[in-house]
Amino acid sequence: DTAVSQTPKYLVTQMGNDKSIKCEQNLGHDTMYWYKQDSKKFLKIMFSYNNKELIINETVPNRFSPKSPDKAHLNLHINSLELGDSAVYFCASSQDRIYGYTFGSGTRLTVV
Amino acid sequence: GQNIDQPTEMTATEGAIVQINCTYQTSGFNGLFWYQQHAGEAPTFLSYNVLDGLEEKGRFSSFLSRSKGYSYLLLKELQMKDSASYLCAVMSDYKLSFGAGTTVTVRA
């Protein structure tokens with residue numbers, strides 16, 4: 001049983017397209033996150049939802065829009081993709097926000 | 001925000017010990033975490049310190065000094081499979097922020 005699952009694992013798309021990445025967790029956690037890991041391997045938080053409510057929104061272009069239909073799902077939609085959006089995007093979840101995070105396996109996005 | 005510093009790379013021999021240092025500056029400290037990340041994979045949880053002192057977990061130990069803003073991860077009896085990136089992360093105001101990671105290469 002996969003605890004945090006993301007789809008797709010790989011995504012190659014052209015500049016200007018709109019794409020979505022989906023994330024689901026079956027751990028019963030109440031908080032979910034999106035992180036971006038760039039080519040230098042630096043993991044940076046983008047968004048966090050707690051029980052479907054947005055609680056962290058870092059300085060991210062508003063082309064990125066997270067959506068949480070329920071506390072087990074957190075999707076990331078990206079409009080008008082740019083070359084600089086190429087990275088690995090990780091979904092994660094945690095219980096009560098102060099415990100360690102469980103990460104999904106990542107989505108490698110390549111914009112060409 | 002947080003400043004989290006750790007060395008970029010370290011190399012050690014199989015069977016040896018390696019210590020990865022991490023210094024941080026933050027407010028609202030809720031804990032310090034260490035994660036392991038193999039190339040192309042997700043970060044996985046290794047250890048958690050919220051009070052000063054040493055936490056031991058098998059071959060891995062982690063130390064924290066809150067007054068010094070300092071932590072280290074100690075890897076003993078290194079194995080080839082320990083070659084990975086080790087990420088120091090600080091929980092502050094319910095947000096987990098990561099350092100850039102230390103790539104450890106274990107040589108035979």
# chains A, B, ... in the order shown; residues from 1 in each chain; ligands from 1
call {"tool": "residues_around", "arguments": {"residues": "Tyr33 of chain A", "least_positions_apart": "3", "cutoff": "7 Å", "atoms": "only C-alpha atoms", "output": "MDAnalysis selection string"}}
result
chainID A and resid 47:49 91:93
call {"tool": "write_last_selection", "arguments": {"atoms": "all heavy atoms", "output": "short mmCIF file (atom, residue, chain, number, x, y, z; two decimals), in the first residue's frame"}}
result
data_model
loop_
_atom_site.label_atom_id
_atom_site.label_comp_id
_atom_site.auth_asym_id
_atom_site.auth_seq_id
_atom_site.Cartn_x
_atom_site.Cartn_y
_atom_site.Cartn_z
N PHE A 47 3.10 25.10 -0.95
CA PHE A 47 1.77 25.24 -0.36
C PHE A 47 1.57 24.19 0.74
O PHE A 47 2.20 23.14 0.73
CB PHE A 47 0.67 25.00 -1.41
CG PHE A 47 0.71 25.92 -2.58
CD1 PHE A 47 1.19 25.47 -3.80
CD2 PHE A 47 0.26 27.22 -2.48
CE1 PHE A 47 1.23 26.30 -4.90
CE2 PHE A 47 0.29 28.07 -3.58
CZ PHE A 47 0.78 27.61 -4.79
N SER A 48 0.60 24.50 1.64
CA SER A 48 0.17 23.51 2.61
C SER A 48 -1.32 23.68 2.86
O SER A 48 -1.82 24.80 2.93
CB SER A 48 0.93 23.67 3.92
OG SER A 48 0.39 22.81 4.90
N TYR A 49 -2.01 22.54 2.96
CA TYR A 49 -3.43 22.53 3.27
C TYR A 49 -3.63 21.71 4.54
O TYR A 49 -3.09 20.63 4.69
CB TYR A 49 -4.23 21.87 2.15
CG TYR A 49 -4.70 22.82 1.08
CD1 TYR A 49 -3.81 23.32 0.14
CD2 TYR A 49 -6.03 23.21 1.01
CE1 TYR A 49 -4.24 24.20 -0.83
CE2 TYR A 49 -6.47 24.09 0.03
CZ TYR A 49 -5.56 24.58 -0.89
OH TYR A 49 -5.99 25.45 -1.86
N CYS A 91 4.83 15.80 -3.25
CA CYS A 91 3.70 15.93 -2.34
C CYS A 91 4.11 15.28 -1.02
O CYS A 91 4.90 14.32 -1.01
CB CYS A 91 2.51 15.22 -2.95
SG CYS A 91 1.04 15.21 -1.93
N ALA A 92 3.60 15.79 0.08
CA ALA A 92 3.89 15.20 1.39
C ALA A 92 2.67 15.37 2.29
O ALA A 92 1.80 16.19 2.03
CB ALA A 92 5.12 15.87 2.03
N SER A 93 2.64 14.57 3.35
CA SER A 93 1.57 14.71 4.33
C SER A 93 2.14 14.54 5.73
O SER A 93 3.21 13.96 5.91
CB SER A 93 0.45 13.70 4.07
OG SER A 93 0.87 12.39 4.40
#
call {"tool": "interface_residues", "arguments": {"of": "chain B", "to": "chain A", "cutoff": "12 Å", "atoms": "only C-alpha atoms", "output": "PyMOL selection string"}}
result
chain B and resi 1-2+4-6+8+28-50+84-103
call {"tool": "select_by_dssp", "arguments": {"residues": "chain A", "states": "strand (DSSP E)", "output": "ChimeraX atom specification"}}
result
/A:4-7,10-13,19-25,31-37,43-50,53-57,64-70,73-78,87-94,102-103,107-111
call {"tool": "write_last_selection", "arguments": {"atoms": "C-alpha atoms", "output": "PDB file, in the first residue's frame"}}
result
ATOM      1  CA  VAL A   4       1.496   9.044  -0.464  1.00  0.00           C
ATOM      2  CA  SER A   5       1.025   8.564  -4.189  1.00  0.00           C
ATOM      3  CA  GLN A   6       1.515  11.080  -6.960  1.00  0.00           C
ATOM      4  CA  THR A   7       0.617  10.932 -10.616  1.00  0.00           C
ATOM      5  CA  TYR A  10       7.056  11.925 -15.332  1.00  0.00           C
ATOM      6  CA  LEU A  11       5.575  14.816 -17.273  1.00  0.00           C
ATOM      7  CA  VAL A  12       7.101  16.335 -20.397  1.00  0.00           C
ATOM      8  CA  THR A  13       5.218  19.256 -21.911  1.00  0.00           C
ATOM      9  CA  LYS A  19      -0.920  20.686 -16.577  1.00  0.00           C
ATOM     10  CA  SER A  20      -2.022  19.075 -13.311  1.00  0.00           C
ATOM     11  CA  ILE A  21      -0.319  16.791 -10.821  1.00  0.00           C
ATOM     12  CA  LYS A  22      -2.416  14.700  -8.462  1.00  0.00           C
ATOM     13  CA  CYS A  23      -1.601  13.545  -4.939  1.00  0.00           C
ATOM     14  CA  GLU A  24      -3.411  11.183  -2.601  1.00  0.00           C
ATOM     15  CA  GLN A  25      -2.517   9.950   0.885  1.00  0.00           C
ATOM     16  CA  THR A  31      -2.136  18.205   6.465  1.00  0.00           C
ATOM     17  CA  MET A  32      -0.707  17.986   2.948  1.00  0.00           C
ATOM     18  CA  TYR A  33       2.059  19.909   1.193  1.00  0.00           C
ATOM     19  CA  TRP A  34       3.622  20.621  -2.156  1.00  0.00           C
ATOM     20  CA  TYR A  35       7.388  21.029  -2.386  1.00  0.00           C
ATOM     21  CA  LYS A  36       9.550  21.895  -5.378  1.00  0.00           C
ATOM     22  CA  GLN A  37      13.052  20.437  -5.747  1.00  0.00           C
ATOM     23  CA  LEU A  43      13.588  21.368  -1.481  1.00  0.00           C
ATOM     24  CA  LYS A  44      11.367  24.405  -1.101  1.00  0.00           C
ATOM     25  CA  ILE A  45       7.827  24.481   0.265  1.00  0.00           C
ATOM     26  CA  MET A  46       5.125  25.888  -1.993  1.00  0.00           C
ATOM     27  CA  PHE A  47       1.770  25.238  -0.360  1.00  0.00           C
ATOM     28  CA  SER A  48       0.173  23.512   2.612  1.00  0.00           C
ATOM     29  CA  TYR A  49      -3.429  22.526   3.270  1.00  0.00           C
ATOM     30  CA  ASN A  50      -4.852  21.507   6.634  1.00  0.00           C
ATOM     31  CA  GLU A  53      -7.907  24.862   4.195  1.00  0.00           C
ATOM     32  CA  LEU A  54      -4.896  26.665   2.699  1.00  0.00           C
ATOM     33  CA  ILE A  55      -2.487  27.476   5.550  1.00  0.00           C
ATOM     34  CA  ILE A  56       0.837  28.053   3.809  1.00  0.00           C
ATOM     35  CA  ASN A  57       1.208  29.906   0.530  1.00  0.00           C
ATOM     36  CA  PHE A  64       0.347  27.626  -9.632  1.00  0.00           C
ATOM     37  CA  SER A  65      -2.973  26.794  -8.007  1.00  0.00           C
ATOM     38  CA  PRO A  66      -3.429  24.019  -5.441  1.00  0.00           C
ATOM     39  CA  LYS A  67      -6.796  22.387  -4.890  1.00  0.00           C
ATOM     40  CA  SER A  68      -7.836  20.095  -2.051  1.00  0.00           C
ATOM     41  CA  PRO A  69     -11.211  18.404  -2.640  1.00  0.00           C
ATOM     42  CA  ASP A  70     -10.859  16.515   0.661  1.00  0.00           C
ATOM     43  CA  HIS A  73      -6.151  14.714  -1.817  1.00  0.00           C
ATOM     44  CA  LEU A  74      -4.103  17.732  -2.847  1.00  0.00           C
ATOM     45  CA  ASN A  75      -3.698  18.517  -6.533  1.00  0.00           C
ATOM     46  CA  LEU A  76      -1.462  21.095  -8.181  1.00  0.00           C
ATOM     47  CA  HIS A  77      -2.501  22.861 -11.355  1.00  0.00           C
ATOM     48  CA  ILE A  78       0.026  24.888 -13.325  1.00  0.00           C
ATOM     49  CA  ALA A  87      11.804  20.486 -11.466  1.00  0.00           C
ATOM     50  CA  VAL A  88      10.719  17.559  -9.327  1.00  0.00           C
ATOM     51  CA  TYR A  89       7.523  18.271  -7.408  1.00  0.00           C
ATOM     52  CA  PHE A  90       6.954  16.340  -4.199  1.00  0.00           C
ATOM     53  CA  CYS A  91       3.703  15.935  -2.344  1.00  0.00           C
ATOM     54  CA  ALA A  92       3.893  15.202   1.389  1.00  0.00           C
ATOM     55  CA  SER A  93       1.570  14.710   4.332  1.00  0.00           C
ATOM     56  CA  SER A  94       1.824  14.927   8.111  1.00  0.00           C
ATOM     57  CA  THR A 102       5.849  11.426   4.542  1.00  0.00           C
ATOM     58  CA  PHE A 103       6.759  12.206   0.950  1.00  0.00           C
ATOM     59  CA  THR A 107       6.751  14.085 -10.282  1.00  0.00           C
ATOM     60  CA  ARG A 108       9.574  15.057 -12.625  1.00  0.00           C
ATOM     61  CA  LEU A 109       8.245  17.918 -14.768  1.00  0.00           C
ATOM     62  CA  THR A 110      10.196  18.879 -17.865  1.00  0.00           C
ATOM     63  CA  VAL A 111       9.090  21.901 -19.853  1.00  0.00           C
TER      64      VAL A 111
END
call {"tool": "residues_around", "arguments": {"residues": "Asp30 of chain A", "least_positions_apart": "6", "cutoff": "6 Å", "atoms": "only C-alpha atoms", "output": "list in words"}}
result
Asn50, Asn51, Lys71 and Gln95 of chain A
call {"tool": "residues_around", "arguments": {"residues": "Ser62 of chain B", "least_positions_apart": "2", "cutoff": "9 Å", "atoms": "only C-alpha atoms", "output": "compact mmCIF listing (two decimals) with C-alpha atoms, in the first residue's frame"}}
result
# COMPACT_ATOMS: atom_id res chain seq x y z
CA PHE B 33 14.66 16.52 11.33
CA TRP B 34 17.09 14.54 9.22
CA SER B 47 15.47 11.19 12.89
CA TYR B 48 13.81 13.89 14.95
CA ASN B 49 15.22 16.04 17.78
CA GLY B 53 20.98 15.79 23.34
CA LEU B 54 21.63 12.66 21.36
CA GLU B 55 19.02 10.39 19.79
CA GLU B 56 20.31 6.98 18.70
CA LYS B 57 18.66 4.73 16.16
CA PHE B 60 22.34 6.48 12.87
CA LEU B 64 20.83 18.80 18.84
CA SER B 71 22.79 19.58 14.95
CA TYR B 72 24.73 16.67 13.54
CA LEU B 73 23.87 13.33 12.01
CA LEU B 74 26.30 10.52 12.76
CA LEU B 75 26.43 7.54 10.45
